[in-house]
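Q: One file: input-v6.tsv (TSV, N, CA and C atoms).
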```tsv
chain	number	residue	atom	x	y	z
T	1	GLN	N	60.61	-101.66	69.34
T	1	GLN	CA	59.82	-102.27	70.40
T	1	GLN	C	58.34	-101.96	70.17
T	2	VAL	N	57.52	-102.99	70.29
T	2	VAL	CA	56.07	-102.84	70.11
T	2	VAL	C	55.38	-103.29	71.38
T	3	GLN	N	54.40	-102.53	71.80
T	3	GLN	CA	53.58	-102.91	72.95
T	3	GLN	C	52.11	-102.97	72.55
T	4	LEU	N	51.43	-104.00	73.02
T	4	LEU	CA	50.01	-104.17	72.77
T	4	LEU	C	49.31	-104.30	74.12
T	5	VAL	N	48.30	-103.47	74.33
T	5	VAL	CA	47.59	-103.48	75.61
T	5	VAL	C	46.10	-103.73	75.34
T	6	GLU	N	45.64	-104.88	75.85
T	6	GLU	CA	44.24	-105.26	75.65
T	6	GLU	C	43.38	-104.82	76.82
T	7	SER	N	42.11	-104.64	76.55
T	7	SER	CA	41.14	-104.34	77.61
T	7	SER	C	39.76	-104.79	77.16
T	8	GLY	N	38.84	-104.89	78.12
T	8	GLY	CA	37.46	-105.17	77.78
T	8	GLY	C	36.96	-106.57	78.11
T	9	GLY	N	37.84	-107.43	78.59
T	9	GLY	CA	37.39	-108.77	78.94
T	9	GLY	C	36.55	-108.75	80.21
T	10	GLY	N	36.00	-109.91	80.55
T	10	GLY	CA	35.20	-110.00	81.77
T	10	GLY	C	34.28	-111.18	81.75
T	11	LEU	N	33.33	-111.15	82.68
T	11	LEU	CA	32.33	-112.21	82.81
T	11	LEU	C	31.02	-111.74	82.20
T	12	VAL	N	30.43	-112.58	81.37
T	12	VAL	CA	29.17	-112.23	80.71
T	12	VAL	C	28.30	-113.47	80.64
T	13	GLN	N	27.00	-113.28	80.66
T	13	GLN	CA	26.07	-114.41	80.56
T	13	GLN	C	25.95	-114.86	79.11
T	14	PRO	N	25.59	-116.11	78.91
T	14	PRO	CA	25.35	-116.57	77.53
T	14	PRO	C	24.33	-115.69	76.82
T	15	GLY	N	24.63	-115.37	75.56
T	15	GLY	CA	23.79	-114.47	74.79
T	15	GLY	C	24.18	-113.02	74.92
T	16	GLY	N	25.08	-112.72	75.83
T	16	GLY	CA	25.51	-111.35	76.04
T	16	GLY	C	26.58	-110.89	75.07
T	17	SER	N	27.06	-109.67	75.29
T	17	SER	CA	28.04	-109.06	74.40
T	17	SER	C	29.21	-108.49	75.19
T	18	LEU	N	30.35	-108.44	74.54
T	18	LEU	CA	31.55	-107.78	75.07
T	18	LEU	C	32.28	-107.12	73.91
T	19	ARG	N	33.00	-106.07	74.23
T	19	ARG	CA	33.84	-105.41	73.22
T	19	ARG	C	35.26	-105.35	73.75
T	20	LEU	N	36.17	-106.00	73.02
T	20	LEU	CA	37.58	-105.98	73.37
T	20	LEU	C	38.29	-104.87	72.58
T	21	SER	N	39.28	-104.28	73.22
T	21	SER	CA	40.10	-103.26	72.57
T	21	SER	C	41.57	-103.62	72.73
T	22	CYS	N	42.38	-103.21	71.76
T	22	CYS	CA	43.82	-103.44	71.84
T	22	CYS	C	44.53	-102.25	71.22
T	23	ALA	N	45.30	-101.55	72.03
T	23	ALA	CA	46.03	-100.39	71.57
T	23	ALA	C	47.50	-100.76	71.36
T	24	ALA	N	48.01	-100.43	70.19
T	24	ALA	CA	49.41	-100.72	69.86
T	24	ALA	C	50.24	-99.44	69.93
T	25	SER	N	51.47	-99.59	70.40
T	25	SER	CA	52.38	-98.45	70.45
T	25	SER	C	53.79	-98.94	70.16
T	26	GLY	N	54.67	-97.99	69.81
T	26	GLY	CA	56.04	-98.35	69.52
T	26	GLY	C	56.34	-98.30	68.03
T	27	ASN	N	57.20	-99.21	67.59
T	27	ASN	CA	57.67	-99.24	66.20
T	27	ASN	C	56.63	-99.93	65.30
T	28	ILE	N	55.57	-99.21	65.02
T	28	ILE	CA	54.49	-99.79	64.22
T	28	ILE	C	54.61	-99.29	62.79
T	29	PHE	N	54.67	-100.20	61.86
T	29	PHE	CA	54.72	-99.83	60.47
T	29	PHE	C	53.33	-99.44	59.99
T	30	SER	N	53.28	-98.61	58.95
T	30	SER	CA	51.98	-98.14	58.47
T	30	SER	C	51.16	-99.25	57.85
T	31	ILE	N	51.83	-100.28	57.34
T	31	ILE	CA	51.13	-101.42	56.75
T	31	ILE	C	51.29	-102.61	57.69
T	32	ASN	N	50.17	-103.08	58.20
T	32	ASN	CA	50.23	-104.19	59.14
T	32	ASN	C	48.89	-104.90	59.19
T	33	THR	N	48.89	-106.02	59.86
T	33	THR	CA	47.66	-106.75	60.12
T	33	THR	C	47.51	-106.89	61.62
T	34	MET	N	46.34	-106.56	62.12
T	34	MET	CA	46.06	-106.74	63.54
T	34	MET	C	44.97	-107.79	63.70
T	35	GLY	N	44.99	-108.47	64.81
T	35	GLY	CA	44.00	-109.53	64.95
T	35	GLY	C	43.84	-110.01	66.37
T	36	TRP	N	42.93	-110.95	66.51
T	36	TRP	CA	42.62	-111.57	67.80
T	36	TRP	C	42.72	-113.09	67.66
T	37	HIS	N	43.35	-113.69	68.63
T	37	HIS	CA	43.36	-115.13	68.79
T	37	HIS	C	42.83	-115.43	70.18
T	38	ARG	N	42.52	-116.69	70.43
T	38	ARG	CA	42.07	-117.06	71.78
T	38	ARG	C	42.60	-118.44	72.14
T	39	GLN	N	42.71	-118.67	73.44
T	39	GLN	CA	43.17	-119.96	73.93
T	39	GLN	C	42.33	-120.36	75.13
T	40	ALA	N	41.62	-121.46	74.98
T	40	ALA	CA	40.82	-122.02	76.06
T	40	ALA	C	41.68	-123.01	76.85
T	41	PRO	N	41.33	-123.28	78.10
T	41	PRO	CA	42.11	-124.22	78.91
T	41	PRO	C	42.25	-125.58	78.24
T	42	GLY	N	43.47	-126.06	78.14
T	42	GLY	CA	43.73	-127.36	77.55
T	42	GLY	C	43.67	-127.41	76.04
T	43	LYS	N	43.51	-126.25	75.40
T	43	LYS	CA	43.42	-126.22	73.94
T	43	LYS	C	44.51	-125.33	73.36
T	44	GLN	N	44.75	-125.50	72.07
T	44	GLN	CA	45.73	-124.66	71.38
T	44	GLN	C	45.14	-123.29	71.09
T	45	ARG	N	46.04	-122.32	70.97
T	45	ARG	CA	45.62	-120.98	70.58
T	45	ARG	C	45.06	-121.03	69.16
T	46	GLU	N	43.96	-120.35	68.92
T	46	GLU	CA	43.31	-120.38	67.62
T	46	GLU	C	42.95	-118.96	67.15
T	47	LEU	N	42.92	-118.82	65.85
T	47	LEU	CA	42.56	-117.56	65.24
T	47	LEU	C	41.09	-117.25	65.49
T	48	VAL	N	40.80	-115.98	65.78
T	48	VAL	CA	39.42	-115.52	65.86
T	48	VAL	C	39.12	-114.63	64.65
T	49	ALA	N	39.92	-113.58	64.47
T	49	ALA	CA	39.69	-112.66	63.35
T	49	ALA	C	40.93	-111.80	63.15
T	50	THR	N	41.12	-111.35	61.90
T	50	THR	CA	42.19	-110.42	61.58
T	50	THR	C	41.66	-109.31	60.69
T	51	ILE	N	42.38	-108.20	60.68
T	51	ILE	CA	42.01	-107.08	59.81
T	51	ILE	C	43.27	-106.37	59.35
T	52	GLY	N	43.37	-106.13	58.05
T	52	GLY	CA	44.52	-105.44	57.50
T	52	GLY	C	44.37	-103.92	57.58
T	53	THR	N	45.45	-103.24	57.25
T	53	THR	CA	45.44	-101.78	57.29
T	53	THR	C	44.34	-101.22	56.40
T	54	GLY	N	44.11	-101.86	55.26
T	54	GLY	CA	43.09	-101.40	54.32
T	54	GLY	C	41.69	-101.84	54.67
T	55	GLY	N	41.55	-102.67	55.70
T	55	GLY	CA	40.23	-103.08	56.15
T	55	GLY	C	39.82	-104.49	55.75
T	56	THR	N	40.70	-105.21	55.08
T	56	THR	CA	40.36	-106.59	54.71
T	56	THR	C	40.25	-107.45	55.96
T	57	ARG	N	39.12	-108.14	56.11
T	57	ARG	CA	38.83	-108.91	57.31
T	57	ARG	C	38.85	-110.41	57.03
T	58	ASN	N	39.23	-111.15	58.05
T	58	ASN	CA	39.22	-112.61	57.98
T	58	ASN	C	38.69	-113.13	59.31
T	59	TYR	N	37.73	-114.06	59.25
T	59	TYR	CA	37.12	-114.59	60.46
T	59	TYR	C	37.22	-116.11	60.51
T	60	ALA	N	37.38	-116.63	61.72
T	60	ALA	CA	37.22	-118.06	61.92
T	60	ALA	C	35.75	-118.40	61.77
T	61	ASP	N	35.46	-119.63	61.38
T	61	ASP	CA	34.06	-120.04	61.21
T	61	ASP	C	33.26	-119.82	62.49
T	62	SER	N	33.89	-120.04	63.64
T	62	SER	CA	33.20	-119.91	64.92
T	62	SER	C	32.81	-118.46	65.23
T	63	ALA	N	33.47	-117.50	64.55
T	63	ALA	CA	33.22	-116.09	64.81
T	63	ALA	C	32.28	-115.45	63.79
T	64	LYS	N	32.15	-116.07	62.65
T	64	LYS	CA	31.33	-115.47	61.59
T	64	LYS	C	29.89	-115.28	62.03
T	65	GLY	N	29.36	-114.09	61.77
T	65	GLY	CA	27.97	-113.79	62.11
T	65	GLY	C	27.75	-113.32	63.53
T	66	ARG	N	28.77	-113.49	64.40
T	66	ARG	CA	28.61	-113.08	65.80
T	66	ARG	C	29.63	-112.03	66.21
T	67	PHE	N	30.83	-112.12	65.66
T	67	PHE	CA	31.92	-111.21	66.04
T	67	PHE	C	32.21	-110.25	64.88
T	68	THR	N	32.61	-109.04	65.23
T	68	THR	CA	33.00	-108.06	64.23
T	68	THR	C	34.32	-107.43	64.64
T	69	ILE	N	35.30	-107.50	63.75
T	69	ILE	CA	36.59	-106.88	64.01
T	69	ILE	C	36.64	-105.55	63.28
T	70	SER	N	37.22	-104.54	63.93
T	70	SER	CA	37.37	-103.23	63.30
T	70	SER	C	38.65	-102.59	63.83
T	71	ARG	N	39.05	-101.51	63.19
T	71	ARG	CA	40.28	-100.84	63.64
T	71	ARG	C	40.19	-99.35	63.39
T	72	ASP	N	40.95	-98.62	64.21
T	72	ASP	CA	41.10	-97.18	64.04
T	72	ASP	C	42.58	-96.94	63.79
T	73	ASN	N	42.95	-96.72	62.54
T	73	ASN	CA	44.37	-96.58	62.19
T	73	ASN	C	45.00	-95.36	62.86
T	74	ALA	N	44.22	-94.31	63.04
T	74	ALA	CA	44.77	-93.10	63.68
T	74	ALA	C	45.17	-93.36	65.12
T	75	LYS	N	44.48	-94.31	65.76
T	75	LYS	CA	44.76	-94.64	67.16
T	75	LYS	C	45.55	-95.93	67.30
T	76	ASN	N	45.88	-96.58	66.17
T	76	ASN	CA	46.57	-97.88	66.21
T	76	ASN	C	45.86	-98.84	67.16
T	77	THR	N	44.56	-98.89	67.03
T	77	THR	CA	43.74	-99.69	67.93
T	77	THR	C	42.84	-100.62	67.13
T	78	VAL	N	42.73	-101.85	67.60
T	78	VAL	CA	41.84	-102.83	66.99
T	78	VAL	C	40.78	-103.21	68.01
T	79	TYR	N	39.58	-103.47	67.52
T	79	TYR	CA	38.46	-103.82	68.38
T	79	TYR	C	37.87	-105.16	67.95
T	80	LEU	N	37.25	-105.83	68.92
T	80	LEU	CA	36.51	-107.05	68.61
T	80	LEU	C	35.17	-106.96	69.33
T	81	GLN	N	34.12	-106.75	68.56
T	81	GLN	CA	32.77	-106.74	69.12
T	81	GLN	C	32.24	-108.16	69.08
T	82	MET	N	31.90	-108.69	70.24
T	82	MET	CA	31.45	-110.07	70.34
T	82	MET	C	30.00	-110.08	70.83
T	83	ASN	N	29.13	-110.62	70.00
T	83	ASN	CA	27.71	-110.72	70.34
T	83	ASN	C	27.29	-112.18	70.41
T	84	SER	N	26.14	-112.42	71.00
T	84	SER	CA	25.60	-113.78	71.11
T	84	SER	C	26.64	-114.74	71.66
T	85	LEU	N	27.29	-114.34	72.72
T	85	LEU	CA	28.38	-115.14	73.28
T	85	LEU	C	27.88	-116.46	73.84
T	86	LYS	N	28.71	-117.49	73.69
T	86	LYS	CA	28.40	-118.84	74.13
T	86	LYS	C	29.43	-119.29	75.17
T	87	PRO	N	29.08	-120.25	76.00
T	87	PRO	CA	30.08	-120.75	76.97
T	87	PRO	C	31.37	-121.22	76.30
T	88	GLU	N	31.27	-121.75	75.10
T	88	GLU	CA	32.48	-122.22	74.40
T	88	GLU	C	33.37	-121.09	73.89
T	89	ASP	N	32.90	-119.84	74.03
T	89	ASP	CA	33.76	-118.70	73.71
T	89	ASP	C	34.69	-118.34	74.87
T	90	THR	N	34.50	-119.00	76.00
T	90	THR	CA	35.35	-118.75	77.16
T	90	THR	C	36.80	-119.07	76.84
T	91	ALA	N	37.68	-118.08	77.03
T	91	ALA	CA	39.09	-118.24	76.70
T	91	ALA	C	39.85	-116.97	77.10
T	92	VAL	N	41.15	-117.05	77.02
T	92	VAL	CA	41.98	-115.85	77.08
T	92	VAL	C	42.12	-115.36	75.64
T	93	TYR	N	41.80	-114.10	75.43
T	93	TYR	CA	41.85	-113.51	74.10
T	93	TYR	C	43.12	-112.66	73.97
T	94	TYR	N	43.88	-112.94	72.92
T	94	TYR	CA	45.15	-112.26	72.69
T	94	TYR	C	45.07	-111.42	71.43
T	95	CYS	N	45.54	-110.20	71.56
T	95	CYS	CA	45.68	-109.32	70.41
T	95	CYS	C	47.04	-109.59	69.77
T	96	ASN	N	47.14	-109.47	68.45
T	96	ASN	CA	48.46	-109.54	67.84
T	96	ASN	C	48.58	-108.57	66.68
T	97	LEU	N	49.83	-108.26	66.40
T	97	LEU	CA	50.18	-107.31	65.34
T	97	LEU	C	51.24	-107.96	64.45
T	98	GLN	N	50.97	-108.01	63.16
T	98	GLN	CA	51.91	-108.58	62.20
T	98	GLN	C	52.47	-107.47	61.33
T	99	VAL	N	53.79	-107.33	61.35
T	99	VAL	CA	54.47	-106.37	60.50
T	99	VAL	C	55.65	-107.07	59.85
T	100	VAL	N	56.37	-106.35	58.98
T	100	VAL	CA	57.46	-106.99	58.24
T	100	VAL	C	58.56	-107.50	59.16
T	101	THR	N	58.67	-106.91	60.35
T	101	THR	CA	59.75	-107.31	61.26
T	101	THR	C	59.36	-108.47	62.17
T	102	GLY	N	58.10	-108.89	62.15
T	102	GLY	CA	57.69	-109.99	63.01
T	102	GLY	C	56.27	-109.89	63.49
T	103	VAL	N	55.95	-110.76	64.46
T	103	VAL	CA	54.61	-110.81	65.05
T	103	VAL	C	54.73	-110.50	66.53
T	104	TYR	N	53.86	-109.63	67.02
T	104	TYR	CA	53.88	-109.23	68.42
T	104	TYR	C	52.54	-109.56	69.07
T	105	TRP	N	52.61	-109.89	70.38
T	105	TRP	CA	51.41	-110.33	71.09
T	105	TRP	C	51.18	-109.48	72.34
T	106	GLY	N	49.90	-109.32	72.67
T	106	GLY	CA	49.55	-108.71	73.93
T	106	GLY	C	49.58	-109.73	75.05
T	107	GLN	N	49.25	-109.26	76.26
T	107	GLN	CA	49.33	-110.14	77.42
T	107	GLN	C	48.09	-111.00	77.59
T	108	GLY	N	47.03	-110.68	76.88
T	108	GLY	CA	45.80	-111.46	76.95
T	108	GLY	C	44.78	-110.88	77.92
T	109	THR	N	43.51	-111.10	77.60
T	109	THR	CA	42.43	-110.68	78.49
T	109	THR	C	41.41	-111.82	78.59
T	110	GLN	N	40.98	-112.10	79.80
T	110	GLN	CA	40.09	-113.24	80.02
T	110	GLN	C	38.66	-112.89	79.67
T	111	VAL	N	38.03	-113.77	78.91
T	111	VAL	CA	36.60	-113.68	78.63
T	111	VAL	C	35.96	-114.95	79.16
T	112	THR	N	34.98	-114.78	80.04
T	112	THR	CA	34.27	-115.92	80.61
T	112	THR	C	32.79	-115.76	80.35
T	113	VAL	N	32.21	-116.78	79.70
T	113	VAL	CA	30.79	-116.77	79.38
T	113	VAL	C	30.13	-117.84	80.23
T	114	SER	N	29.34	-117.40	81.20
T	114	SER	CA	28.75	-118.34	82.14
T	114	SER	C	27.53	-117.71	82.80
T	115	SER	N	26.56	-118.57	83.12
T	115	SER	CA	25.38	-118.10	83.84
T	115	SER	C	25.58	-118.28	85.34
```
Mind turning this structure into C-alpha cells?
A:
Amino acid sequence: QVQLVESGGGLVQPGGSLRLSCAASGNIFSINTMGWHRQAPGKQRELVATIGTGGTRNYADSAKGRFTISRDNAKNTVYLQMNSLKPEDTAVYYCNLQVVTGVYWGQGTQVTVSS
C-alpha cells in the first residue's frame, strides 16, 4: 500500500509563487519516479514535471523556466516550486509515484491563480 499526501496549494496572484510538497509512505521501492500532473476544469490531466530517483528531470513545455521539481529521497518527498504563476496554471495538482508495481496518485491540491 502506498499513500501520497500533497500540501502547499492555495490562492496566489498572477506573478506569484507557490511550493507544493508530496510525501510518500508505504511500500515504496528505492528506484522510482515521482512527479506532478494537473487538471484544469473541463480539461484532461496533463504532465507538469517528473523526477527520477537519480535526479533526472522532465518538464512540460508550459513548466520550463518557471517550475522546478526536486526531491528528498531520505524523506520520500517531492517538491514543485512554481514561480511566475499565470491564471492558466489554475488547476488541481496531483502528485504521483511510479514504481515497478504500478502508479499511485495523491488526492490533489488546488492551485488558483487570480487577482
Q: Run DSSP on the backbone of this structure and report the residues of chain T it assigns to strand (DSSP E or B), as a PyMOL selection string.
A: chain T and resi 2-7+10-12+18-26+33-39+46-52+57-59+67-72+77-82+91-99+102-105+109-113
Q: Would you be able to write out as a list in words which residues have an atom within 6.5 Å of (25.5, -116.3, 73.5) in the file's coordinates, counting only N, CA and C atoms?
A: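 Output: Gln13, Pro14, Gly15, Gly16, Asn83, Ser84, Leu85, Lys86 and Pro87 of chain T.
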Q: Just give me the gap between atom N of Ser70 in chain T and CA of Leu11 in chain T in Å, one decimal is fine.
A: 21.0 Å
Q: Select, from T:Asn32, T:Ser115, T:Asn27, T:Gln81, the residue with the minimum atom-to-atom distance to Thr68 in chain T, counting only N, CA and C atoms.
A: T:Gln81
Q: What separation in Å, quoted to one decimal, exists between CA of Gly10 in chain T and CA of Thr109 in chain T?
A: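 Between these atoms lies a distance of 8.0 Å.
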Q: From the options T:Ser21, T:Ser62, T:Thr101, T:Thr77, which residue's atoms come nearest to Gly8 in chain T, counting all atoms listed in the file?
A: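 Looking only at the distances to Gly8 in chain T, the closest residue turns out to be T:Ser21.
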Q: Do a neighbour search on Val92 in chain T at 6.5 Å with only N, CA and C atoms, toss out local chain neighbours closer than 4 positions, and write the hits as an NGL selection string.
A: :T and (37-41 or 108-111)
